[in-house]
Structures are given as C-alpha cells and as structure tokens.
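What follows is data-v4.pdb (PDB, C-alpha atoms, pLDDT in the B column).
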ATOM      1  CA  MET A1266      69.258  40.251 -41.214  1.00 49.00           C
ATOM      2  CA  ASN A1267      69.566  40.035 -44.986  1.00 53.00           C
ATOM      3  CA  CYS A1268      72.954  41.125 -46.332  1.00 53.00           C
ATOM      4  CA  GLU A1269      72.519  39.443 -49.724  1.00 64.00           C
ATOM      5  CA  TYR A1270      71.201  41.806 -52.364  1.00 67.00           C
ATOM      6  CA  SER A1271      70.907  41.580 -56.085  1.00 84.00           C
ATOM      7  CA  TYR A1272      71.115  44.895 -57.957  1.00 86.00           C
ATOM      8  CA  GLU A1273      67.453  44.419 -58.830  1.00 89.00           C
ATOM      9  CA  ASP A1274      66.442  44.134 -55.152  1.00 88.00           C
ATOM     10  CA  MET A1275      68.649  47.059 -54.339  1.00 86.00           C
ATOM     11  CA  ILE A1276      67.231  49.369 -57.013  1.00 90.00           C
ATOM     12  CA  GLU A1277      63.772  48.481 -55.778  1.00 90.00           C
ATOM     13  CA  LYS A1278      64.777  49.274 -52.218  1.00 86.00           C
ATOM     14  CA  ILE A1279      66.570  52.549 -53.044  1.00 88.00           C
ATOM     15  CA  GLY A1280      63.786  53.682 -55.357  1.00 92.00           C
ATOM     16  CA  GLU A1281      64.363  54.916 -58.877  1.00 93.00           C
ATOM     17  CA  ASP A1282      63.877  58.572 -57.927  1.00 94.00           C
ATOM     18  CA  ARG A1283      66.512  58.485 -55.222  1.00 94.00           C
ATOM     19  CA  LEU A1284      68.958  56.637 -57.441  1.00 95.00           C
ATOM     20  CA  HIS A1285      68.362  59.086 -60.266  1.00 96.00           C
ATOM     21  CA  GLU A1286      68.846  62.006 -57.880  1.00 96.00           C
ATOM     22  CA  LYS A1287      72.261  60.751 -56.733  1.00 97.00           C
ATOM     23  CA  TYR A1288      73.322  59.855 -60.276  1.00 97.00           C
ATOM     24  CA  THR A1289      72.335  63.299 -61.591  1.00 97.00           C
ATOM     25  CA  GLU A1290      74.158  65.178 -58.810  1.00 97.00           C
ATOM     26  CA  VAL A1291      77.395  63.191 -59.149  1.00 97.00           C
ATOM     27  CA  LEU A1292      77.293  63.383 -62.959  1.00 97.00           C
ATOM     28  CA  ALA A1293      76.728  67.163 -62.902  1.00 97.00           C
ATOM     29  CA  SER A1294      79.599  67.548 -60.416  1.00 96.00           C
ATOM     30  CA  ALA A1295      81.934  65.360 -62.477  1.00 97.00           C
ATOM     31  CA  ASN A1296      81.119  67.330 -65.637  1.00 97.00           C
ATOM     32  CA  HIS A1297      81.620  70.626 -63.836  1.00 96.00           C
ATOM     33  CA  PHE A1298      84.952  69.373 -62.506  1.00 95.00           C
ATOM     34  CA  ILE A1299      86.076  68.339 -66.018  1.00 94.00           C
ATOM     35  CA  GLU A1300      85.273  71.825 -67.272  1.00 93.00           C
ATOM     36  CA  GLU A1301      86.803  73.734 -64.360  1.00 92.00           C
ATOM     37  CA  ALA A1302      89.958  71.614 -64.407  1.00 91.00           C
ATOM     38  CA  GLY A1303      90.447  72.247 -68.129  1.00 89.00           C
ATOM     39  CA  TYR A1304      89.931  68.670 -69.332  1.00 90.00           C
ATOM     40  CA  GLN A1305      86.899  69.452 -71.514  1.00 89.00           C
ATOM     41  CA  GLY A1306      87.098  67.938 -74.978  1.00 90.00           C
ATOM     42  CA  ASN A1307      89.657  65.383 -73.789  1.00 92.00           C
ATOM     43  CA  VAL A1308      87.838  63.737 -70.877  1.00 95.00           C
ATOM     44  CA  GLU A1309      84.226  62.742 -70.300  1.00 96.00           C
ATOM     45  CA  CYS A1310      82.365  61.133 -67.461  1.00 98.00           C
ATOM     46  CA  ASN A1311      81.435  57.651 -68.654  1.00 97.00           C
ATOM     47  CA  GLU A1312      77.806  57.317 -67.613  1.00 97.00           C
ATOM     48  CA  ARG A1313      77.772  53.501 -67.500  1.00 96.00           C
ATOM     49  CA  ILE A1314      80.798  53.386 -65.231  1.00 97.00           C
ATOM     50  CA  LEU A1315      79.291  56.107 -63.064  1.00 97.00           C
ATOM     51  CA  PHE A1316      75.966  54.263 -62.782  1.00 96.00           C
ATOM     52  CA  SER A1317      77.739  51.041 -61.908  1.00 95.00           C
ATOM     53  CA  LEU A1318      79.850  52.723 -59.208  1.00 96.00           C
ATOM     54  CA  ILE A1319      76.748  54.328 -57.690  1.00 96.00           C
ATOM     55  CA  LEU A1320      75.126  50.886 -57.459  1.00 95.00           C
ATOM     56  CA  ASP A1321      78.248  49.536 -55.758  1.00 95.00           C
ATOM     57  CA  TYR A1322      78.242  52.528 -53.429  1.00 96.00           C
ATOM     58  CA  TYR A1323      74.635  51.788 -52.427  1.00 95.00           C
ATOM     59  CA  ALA A1324      75.421  48.079 -52.046  1.00 93.00           C
ATOM     60  CA  ASP A1325      78.130  48.968 -49.511  1.00 94.00           C
ATOM     61  CA  LEU A1326      75.851  51.354 -47.660  1.00 93.00           C
ATOM     62  CA  PHE A1327      73.003  48.849 -47.500  1.00 89.00           C
ATOM     63  CA  ARG A1328      75.300  46.202 -46.039  1.00 89.00           C
ATOM     64  CA  LEU A1329      76.498  48.720 -43.473  1.00 90.00           C
ATOM     65  CA  LYS A1330      73.013  49.871 -42.557  1.00 88.00           C
ATOM     66  CA  ASP A1331      71.803  46.292 -42.163  1.00 86.00           C
ATOM     67  CA  PHE A1332      74.791  45.218 -40.142  1.00 84.00           C
ATOM     68  CA  HIS A1333      74.703  48.171 -37.773  1.00 84.00           C
ATOM     69  CA  GLY A1334      70.945  48.585 -37.734  1.00 84.00           C
ATOM     70  CA  ILE A1335      71.115  52.294 -38.647  1.00 86.00           C
ATOM     71  CA  GLU A1336      68.668  54.187 -40.787  1.00 87.00           C
ATOM     72  CA  TRP A1337      70.800  57.003 -42.159  1.00 90.00           C
ATOM     73  CA  ILE A1338      74.466  57.624 -42.675  1.00 90.00           C
ATOM     74  CA  ARG A1339      76.604  60.710 -42.223  1.00 89.00           C
ATOM     75  CA  THR A1340      78.017  62.714 -45.136  1.00 91.00           C
ATOM     76  CA  GLU A1341      81.552  61.709 -44.061  1.00 92.00           C
ATOM     77  CA  LYS A1342      80.692  58.070 -44.670  1.00 93.00           C
ATOM     78  CA  SER A1343      78.715  58.813 -47.809  1.00 94.00           C
ATOM     79  CA  PHE A1344      81.650  60.656 -49.380  1.00 95.00           C
ATOM     80  CA  ALA A1345      84.232  58.164 -48.139  1.00 97.00           C
ATOM     81  CA  TYR A1346      82.449  55.356 -50.004  1.00 97.00           C
ATOM     82  CA  LEU A1347      81.766  57.495 -53.064  1.00 98.00           C
ATOM     83  CA  ILE A1348      85.423  58.556 -53.235  1.00 98.00           C
ATOM     84  CA  ALA A1349      86.671  54.981 -52.838  1.00 98.00           C
ATOM     85  CA  TRP A1350      84.445  53.775 -55.685  1.00 98.00           C
ATOM     86  CA  ILE A1351      85.499  56.682 -57.918  1.00 98.00           C
ATOM     87  CA  VAL A1352      89.152  55.771 -57.371  1.00 98.00           C
ATOM     88  CA  ARG A1353      88.400  52.085 -58.102  1.00 97.00           C
ATOM     89  CA  ARG A1354      86.076  52.450 -61.098  1.00 97.00           C
ATOM     90  CA  LYS A1355      87.544  55.628 -62.665  1.00 98.00           C
ATOM     91  CA  PRO A1356      84.427  57.096 -64.308  1.00 98.00           C
ATOM     92  CA  LEU A1357      86.324  60.030 -65.832  1.00 97.00           C
ATOM     93  CA  GLN A1358      87.811  58.657 -69.020  1.00 96.00           C
ATOM     94  CA  PHE A1359      90.134  60.130 -71.621  1.00 94.00           C
ATOM     95  CA  LEU A1360      88.477  60.204 -75.031  1.00 92.00           C
ATOM     96  CA  HIS A1361      91.668  60.342 -77.044  1.00 82.00           C
ATOM     97  CA  TYR A1362      95.368  60.947 -76.799  1.00 74.00           C
ATOM     98  CA  THR A1363      96.042  64.505 -75.805  1.00 74.00           C
ATOM     99  CA  GLU A1364      99.147  66.607 -75.959  1.00 74.00           C
ATOM    100  CA  ASP A1365      97.729  69.163 -73.536  1.00 77.00           C
ATOM    101  CA  GLU A1366      99.869  69.750 -70.497  1.00 77.00           C
ATOM    102  CA  LYS A1367      97.549  67.764 -68.224  1.00 83.00           C
ATOM    103  CA  ASP A1368      98.390  64.528 -66.496  1.00 87.00           C
ATOM    104  CA  ILE A1369      96.324  61.330 -66.528  1.00 89.00           C
ATOM    105  CA  TYR A1370      95.212  61.423 -62.873  1.00 92.00           C
ATOM    106  CA  VAL A1371      91.871  63.106 -63.421  1.00 94.00           C
ATOM    107  CA  ASN A1372      89.892  60.648 -61.247  1.00 96.00           C
ATOM    108  CA  GLU A1373      92.328  61.015 -58.370  1.00 95.00           C
ATOM    109  CA  ARG A1374      92.065  64.814 -58.675  1.00 94.00           C
ATOM    110  CA  PHE A1375      88.277  64.583 -58.606  1.00 96.00           C
ATOM    111  CA  ALA A1376      88.447  62.310 -55.544  1.00 96.00           C
ATOM    112  CA  THR A1377      90.847  64.721 -53.835  1.00 94.00           C
ATOM    113  CA  PHE A1378      88.520  67.630 -54.516  1.00 93.00           C
ATOM    114  CA  LEU A1379      85.515  65.737 -53.098  1.00 94.00           C
ATOM    115  CA  MET A1380      87.511  64.943 -49.992  1.00 93.00           C
ATOM    116  CA  LEU A1381      88.749  68.498 -49.467  1.00 89.00           C
ATOM    117  CA  ASN A1382      85.273  69.846 -50.071  1.00 89.00           C
ATOM    118  CA  GLU A1383      83.908  67.596 -47.330  1.00 89.00           C
ATOM    119  CA  CYS A1384      86.812  68.291 -44.949  1.00 85.00           C
ATOM    120  CA  LEU A1385      87.503  71.953 -45.343  1.00 74.00           C
ATOM    121  CA  LEU A1386      84.811  73.829 -47.109  1.00 59.00           C
ATOM    122  CA  CYS A1387      81.725  72.523 -45.314  1.00 58.00           C
ATOM    123  CA  GLY A1388      79.442  73.996 -47.922  1.00 51.00           C
ATOM    124  CA  GLU A1389      81.065  77.415 -48.002  1.00 59.00           C
ATOM    125  CA  LYS A1390      83.402  78.888 -50.543  1.00 56.00           C
ATOM    126  CA  ARG A1391      86.682  79.585 -48.786  1.00 63.00           C
ATOM    127  CA  PHE A1392      90.055  80.844 -49.831  1.00 65.00           C
ATOM    128  CA  VAL A1393      93.386  79.734 -48.497  1.00 70.00           C
ATOM    129  CA  GLY A1394      95.623  82.362 -46.919  1.00 75.00           C
ATOM    130  CA  SER A1395      98.971  82.758 -48.682  1.00 78.00           C
ATOM    131  CA  GLU A1396     100.792  81.784 -45.456  1.00 81.00           C
ATOM    132  CA  ASN A1397      99.087  78.371 -45.540  1.00 79.00           C
ATOM    133  CA  GLN A1398      99.288  77.629 -49.252  1.00 82.00           C
ATOM    134  CA  SER A1399     102.465  75.567 -49.087  1.00 86.00           C
ATOM    135  CA  ARG A1400     101.104  73.429 -46.226  1.00 86.00           C
ATOM    136  CA  LEU A1401      97.863  72.806 -48.068  1.00 84.00           C
ATOM    137  CA  ASP A1402      99.882  71.980 -51.143  1.00 87.00           C
ATOM    138  CA  GLU A1403     101.760  69.359 -49.139  1.00 89.00           C
ATOM    139  CA  TYR A1404      98.497  67.923 -47.849  1.00 88.00           C
ATOM    140  CA  ILE A1405      97.059  67.720 -51.390  1.00 88.00           C
ATOM    141  CA  ASN A1406     100.227  65.912 -52.431  1.00 90.00           C
ATOM    142  CA  LEU A1407      99.741  63.396 -49.657  1.00 91.00           C
ATOM    143  CA  LEU A1408      96.121  62.725 -50.635  1.00 91.00           C
ATOM    144  CA  PHE A1409      97.139  62.366 -54.260  1.00 91.00           C
ATOM    145  CA  TYR A1410      99.819  59.884 -53.356  1.00 92.00           C
ATOM    146  CA  TYR A1411      97.331  57.818 -51.379  1.00 95.00           C
ATOM    147  CA  PHE A1412      94.755  57.774 -54.192  1.00 95.00           C
ATOM    148  CA  LYS A1413      97.361  57.013 -56.851  1.00 93.00           C
ATOM    149  CA  TYR A1414      99.464  54.336 -55.192  1.00 94.00           C
ATOM    150  CA  ARG A1415      97.747  52.934 -52.107  1.00 94.00           C
ATOM    151  CA  GLU A1416      94.744  50.686 -51.785  1.00 92.00           C
ATOM    152  CA  CYS A1417      91.868  53.108 -51.365  1.00 94.00           C
ATOM    153  CA  ASN A1418      89.892  51.921 -48.381  1.00 95.00           C
ATOM    154  CA  PRO A1419      86.636  53.787 -47.609  1.00 96.00           C
ATOM    155  CA  GLN A1420      87.063  53.238 -43.883  1.00 94.00           C
ATOM    156  CA  VAL A1421      90.485  54.901 -43.994  1.00 95.00           C
ATOM    157  CA  VAL A1422      89.074  57.784 -46.057  1.00 96.00           C
ATOM    158  CA  GLU A1423      86.222  58.209 -43.574  1.00 94.00           C
ATOM    159  CA  LEU A1424      88.622  58.230 -40.645  1.00 93.00           C
ATOM    160  CA  ALA A1425      90.811  60.794 -42.420  1.00 92.00           C
ATOM    161  CA  ILE A1426      87.795  63.065 -43.002  1.00 92.00           C
ATOM    162  CA  GLU A1427      86.696  62.706 -39.376  1.00 90.00           C
ATOM    163  CA  SER A1428      90.227  63.369 -38.110  1.00 89.00           C
ATOM    164  CA  PHE A1429      90.539  66.424 -40.298  1.00 86.00           C
ATOM    165  CA  LYS A1430      87.273  67.841 -38.984  1.00 85.00           C
ATOM    166  CA  MET A1431      88.333  67.127 -35.396  1.00 85.00           C
ATOM    167  CA  GLY A1432      91.640  68.887 -36.080  1.00 79.00           C
ATOM    168  CA  THR A1433      89.824  72.053 -37.101  1.00 74.00           C
ATOM    169  CA  LEU A1434      88.011  72.039 -33.734  1.00 76.00           C
ATOM    170  CA  VAL A1435      91.104  71.784 -31.542  1.00 72.00           C
ATOM    171  CA  SER A1436      93.455  74.100 -33.435  1.00 57.00           C
TER     172      SER A1436
ATOM    173  CA  MET B  18      85.086  11.418 -17.442  1.00 64.00           C
ATOM    174  CA  GLN B  19      86.096  15.072 -17.541  1.00 71.00           C
ATOM    175  CA  SER B  20      89.131  16.290 -15.671  1.00 82.00           C
ATOM    176  CA  ARG B  21      88.759  18.932 -12.976  1.00 81.00           C
ATOM    177  CA  LYS B  22      90.549  21.439 -15.232  1.00 82.00           C
ATOM    178  CA  SER B  23      88.160  20.817 -18.096  1.00 85.00           C
ATOM    179  CA  GLN B  24      85.116  21.083 -15.786  1.00 83.00           C
ATOM    180  CA  GLY B  25      86.467  24.391 -14.516  1.00 84.00           C
ATOM    181  CA  ARG B  26      86.868  25.715 -18.055  1.00 85.00           C
ATOM    182  CA  GLN B  27      83.332  24.692 -18.929  1.00 87.00           C
ATOM    183  CA  SER B  28      81.867  26.336 -15.870  1.00 89.00           C
ATOM    184  CA  HIS B  29      83.834  29.529 -16.638  1.00 91.00           C
ATOM    185  CA  PHE B  30      82.440  29.452 -20.165  1.00 91.00           C
ATOM    186  CA  ARG B  31      78.910  29.062 -18.738  1.00 92.00           C
ATOM    187  CA  GLU B  32      79.458  32.123 -16.546  1.00 91.00           C
ATOM    188  CA  LEU B  33      80.618  34.159 -19.557  1.00 89.00           C
ATOM    189  CA  LEU B  34      77.666  32.941 -21.597  1.00 89.00           C
ATOM    190  CA  THR B  35      75.225  33.851 -18.826  1.00 91.00           C
ATOM    191  CA  GLU B  36      76.768  37.323 -18.615  1.00 88.00           C
ATOM    192  CA  ALA B  37      76.366  37.797 -22.357  1.00 86.00           C
ATOM    193  CA  MET B  38      72.800  36.459 -22.344  1.00 89.00           C
ATOM    194  CA  SER B  39      71.821  38.757 -19.496  1.00 90.00           C
ATOM    195  CA  GLY B  40      72.745  41.747 -21.666  1.00 84.00           C
ATOM    196  CA  GLU B  41      75.867  42.756 -19.767  1.00 80.00           C
ATOM    197  CA  TYR B  42      77.798  43.196 -23.009  1.00 81.00           C
ATOM    198  CA  HIS B  43      76.539  45.805 -25.438  1.00 79.00           C
ATOM    199  CA  MET B  44      77.161  45.622 -29.145  1.00 75.00           C
ATOM    200  CA  GLU B  45      78.740  48.871 -30.256  1.00 76.00           C
ATOM    201  CA  LYS B  46      76.768  50.845 -32.785  1.00 74.00           C
ATOM    202  CA  LEU B  47      78.003  53.319 -35.328  1.00 74.00           C
ATOM    203  CA  PRO B  48      76.917  56.883 -34.653  1.00 75.00           C
ATOM    204  CA  SER B  49      74.226  57.811 -37.128  1.00 79.00           C
ATOM    205  CA  PRO B  50      72.771  61.208 -38.021  1.00 84.00           C
ATOM    206  CA  ALA B  51      69.280  62.387 -37.292  1.00 81.00           C
ATOM    207  CA  TYR B  52      68.590  63.240 -40.919  1.00 86.00           C
ATOM    208  CA  ASP B  53      68.725  61.676 -44.343  1.00 89.00           C
ATOM    209  CA  PHE B  54      71.289  62.962 -46.865  1.00 90.00           C
ATOM    210  CA  ALA B  55      68.844  63.148 -49.771  1.00 91.00           C
ATOM    211  CA  GLU B  56      66.502  65.382 -51.744  1.00 92.00           C
ATOM    212  CA  GLU B  57      66.887  69.098 -50.967  1.00 93.00           C
ATOM    213  CA  ARG B  58      69.736  68.607 -48.474  1.00 92.00           C
ATOM    214  CA  GLN B  59      71.732  66.620 -50.994  1.00 93.00           C
ATOM    215  CA  ALA B  60      70.884  68.996 -53.857  1.00 94.00           C
ATOM    216  CA  VAL B  61      72.094  72.013 -51.850  1.00 93.00           C
ATOM    217  CA  TYR B  62      75.293  70.205 -50.817  1.00 92.00           C
ATOM    218  CA  TYR B  63      76.186  69.238 -54.400  1.00 93.00           C
ATOM    219  CA  SER B  64      75.231  72.634 -55.750  1.00 93.00           C
ATOM    220  CA  ASN B  65      77.567  74.305 -53.209  1.00 91.00           C
ATOM    221  CA  MET B  66      80.259  71.823 -54.096  1.00 91.00           C
ATOM    222  CA  ARG B  67      80.080  72.781 -57.766  1.00 92.00           C
ATOM    223  CA  TYR B  68      80.263  76.419 -56.751  1.00 90.00           C
ATOM    224  CA  ASN B  69      83.324  75.592 -54.610  1.00 88.00           C
ATOM    225  CA  MET B  70      85.048  74.205 -57.691  1.00 89.00           C
ATOM    226  CA  GLU B  71      85.741  77.823 -58.564  1.00 85.00           C
ATOM    227  CA  SER B  72      87.754  78.488 -55.385  1.00 80.00           C
ATOM    228  CA  ASP B  73      91.540  78.784 -55.329  1.00 76.00           C
ATOM    229  CA  MET B  74      91.688  75.582 -53.300  1.00 76.00           C
ATOM    230  CA  SER B  75      90.117  73.617 -56.095  1.00 81.00           C
ATOM    231  CA  VAL B  76      92.489  75.229 -58.585  1.00 82.00           C
ATOM    232  CA  MET B  77      95.317  73.821 -56.451  1.00 83.00           C
ATOM    233  CA  VAL B  78      93.777  70.349 -56.669  1.00 86.00           C
ATOM    234  CA  MET B  79      93.073  70.626 -60.372  1.00 87.00           C
ATOM    235  CA  ASN B  80      96.377  71.984 -61.600  1.00 82.00           C
ATOM    236  CA  HIS B  81      99.209  71.433 -59.173  1.00 77.00           C
ATOM    237  CA  HIS B  82     101.727  68.623 -59.220  1.00 80.00           C
ATOM    238  CA  GLU B  83     101.087  67.645 -62.814  1.00 84.00           C
ATOM    239  CA  GLN B  84     103.014  64.476 -63.528  1.00 84.00           C
ATOM    240  CA  LEU B  85     104.053  64.885 -67.156  1.00 85.00           C
ATOM    241  CA  ASP B  86     107.226  62.802 -67.486  1.00 87.00           C
ATOM    242  CA  GLU B  87     105.639  60.249 -69.792  1.00 87.00           C
ATOM    243  CA  LEU B  88     104.038  62.992 -71.916  1.00 86.00           C
ATOM    244  CA  LYS B  89     107.383  64.721 -72.434  1.00 87.00           C
ATOM    245  CA  LEU B  90     109.000  61.466 -73.518  1.00 89.00           C
ATOM    246  CA  LEU B  91     106.107  60.573 -75.819  1.00 88.00           C
ATOM    247  CA  LYS B  92     106.296  64.005 -77.452  1.00 88.00           C
ATOM    248  CA  GLU B  93     110.031  63.592 -77.919  1.00 90.00           C
ATOM    249  CA  TRP B  94     109.582  60.156 -79.538  1.00 92.00           C
ATOM    250  CA  LYS B  95     106.862  61.535 -81.833  1.00 90.00           C
ATOM    251  CA  ARG B  96     109.081  64.439 -82.873  1.00 90.00           C
ATOM    252  CA  GLU B  97     112.000  62.094 -83.541  1.00 93.00           C
ATOM    253  CA  ALA B  98     109.776  59.807 -85.629  1.00 93.00           C
ATOM    254  CA  GLN B  99     108.654  62.760 -87.770  1.00 91.00           C
ATOM    255  CA  GLU B 100     112.204  63.966 -88.428  1.00 87.00           C
TER     256      GLU B 100
END
Translate this file's structure into structure tokens.
Amino acid sequence: MNCEYSYEDMIEKIGEDRLHEKYTEVLASANHFIEEAGYQGNVECNERILFSLILDYYADLFRLKDFHGIEWIRTEKSFAYLIAWIVRRKPLQFLHYTEDEKDIYVNERFATFLMLNECLLCGEKRFVGSENQSRLDEYINLLFYYFKYRECNPQVVELAIESFKMGTLVS
Amino acid sequence: MQSRKSQGRQSHFRELLTEAMSGEYHMEKLPSPAYDFAEERQAVYYSNMRYNMESDMSVMVMNHHEQLDELKLLKEWKREAQE
C-alpha cells in the first residue's frame, strides 16, 4: 500500500483530462455562484487557489481509496472533501474594498450551497414551502456558523450529509 | 523463568493471534458506489447544480443573515474622516 504521493505522481495517476474536467466544473460553478449571489465585480474565483485545493482534494481521496481498498467514492464523500477544502483554502477572493451591502463570507456561502444542493436538491430544482422557510433558515444559520467558526472536518460534513439524507427517508 | 500469570497472558495472546490469523476478524470497509463520479455523470450533476443556483433556496443561502456590523462601522469612520 502506497500512501505517499507527490503532486506529480498524483496528477499522473488522476490523468490530466480528469483533473481538467473537475477543475472546469468547479470553476464554472464558483463563477455562476458569484454572479447569482450578486458578488460580480467585487469577487473572483482565484484559479491558482482553486487548482491547489482540487489537488489537495484528490490527495485526500487517493489516501482514502488506498487505505480502504475502494475504487470509487460516493458523491457525499466527494462533496464533503470539496467543501472542507473550499472552507480551508477560500478560493473566492475579494478584489477590492466594497461598500456593497454584502458580507465577507462568500466562501462559506458557497460551501453551504454545495452542501444543501447535495442534501436537499438531489439534482432537481426545488422550492421551499412558505411553512418551512423559517426552519430552513435556521438550518442555514447553523451550517454557516459551523463553516465560519468551527474546524471544518470533511468526515463531519459527510456524516451530516448522510444524516440529512436519512432524515428525508424516515420523515 | 516466567511466572504462571505471565505464561497465561502469553498463551491468551497466542489464542487471539491465531483467531486473527484464521480470518475470524474482518476489517471493516467503507461502502463504495458501483459507479465513478466522472465524465457525463459529473457534468450533468454540476450543470444541474448551477441551474439550482436560481432556486429560492439558493437565494436564502446567498443573501440571508448578512453580517455587516464591520461594514457599517467602517462606513461611519470614512464619513467622519471626510467631514
């Protein structure tokens, strides 16, 4: 079992196409998020930071795959590690001082959206009933708090995603 | 010369070792999916995700609970400095 990788070995193992594919998808999503959230002009996705976090994400996944002897990983795990690295590396960066009424937690918002998308939306566009808005609001607050002030652990994020999905089955 | 207690411990260890060697204990494995999250599957997932960014749920994530205390204070200081 070889758990020691250099980035060079890793890139060779992942393959440039696969790496480029992941990088392109995350970058497009980050840029779309910046636009939809109204940060355009003030925030950009720093491509070097993003590339570096994707390498770290793959490094984690390779260690996991080697250790557990598994070939593929589930989307819950994939997003848990991606989210944790986004919160650590903060690829969305403010370009300059802004007086717009937006706060500085753009990376944590992006991470929260990725998590909710994996938990709740499951690939479909859904709307929240007005009777549940305040509860969802509370839940978003809780996620925010975790990403802003707690140590973001991918295993905890994965467990939270799994628990959320289980909760939707038993309700 | 080993005491009886120590000999007992060693023989118990041997029994445990034999059990482990005979495959009685199984290493737990993480559940893994039957497919790879890549290429078309990944492209569709991310494309749907970008589409989902236009839902009211994402608007809640993007705009709610803005923490602007420091911005208000900074603006106030700037205004005071200009006066």
Practice problem: Output as JSON, numbers by chain the set of chain A residues within 8 Å of chain B, with distances taken over only C-alpha atoms. | Solution: {"A": [1283, 1286, 1290, 1291, 1294, 1297, 1298, 1301, 1302, 1333, 1334, 1335, 1336, 1337, 1338, 1339, 1340, 1364, 1366, 1367, 1368, 1369, 1374, 1375, 1377, 1378, 1382, 1386, 1388, 1389, 1390, 1391, 1392, 1393, 1402, 1405, 1406]}
Exercise. Find the distance between CA of Ala1376 (chain A) and CA of Arg1400 (chain A) and write it in Å to one decimal.
Key: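 A separation of 19.3 Å between them.
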Quiz item: What is the distance, in Å and to one decimal place, between CA of Asn1372 (chain A) and CA of Asn1418 (chain A)?
Solution: 15.5 Å
Exercise. Have a look at CA of Pro1419 (chain A) and CA of Trp1350 (chain A) and let me know their distance in Å, one decimal.
Key: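 It comes out at 8.4 Å.
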Quiz item: Which residue out of A:Val1352, A:Cys1384, A:Leu1329, A:Leu1357 has the minimum interatomic distance to Glu1416 (chain A) when all atoms listed in the file are used?
Solution: A:Val1352
How big is the axis-aligned box around the listed atoms of region 1363-1368 of chain A once 4 Å is added on each side, and where is its centre? Give both in Å to one decimal, as AutoDock Vina command-line options.
--center_x 98.0 --center_y 67.1 --center_z -71.2 --size_x 11.8 --size_y 13.2 --size_z 17.5
Quiz item: Which polymer residues, protein or nucleic acid, are no farther than 7 Å from (89.2, 63.5, -69.3), counting only C-alpha atoms, as an NGL selection string?
Solution: :A and (1299 or 1304-1305 or 1307-1309 or 1357-1360 or 1371)
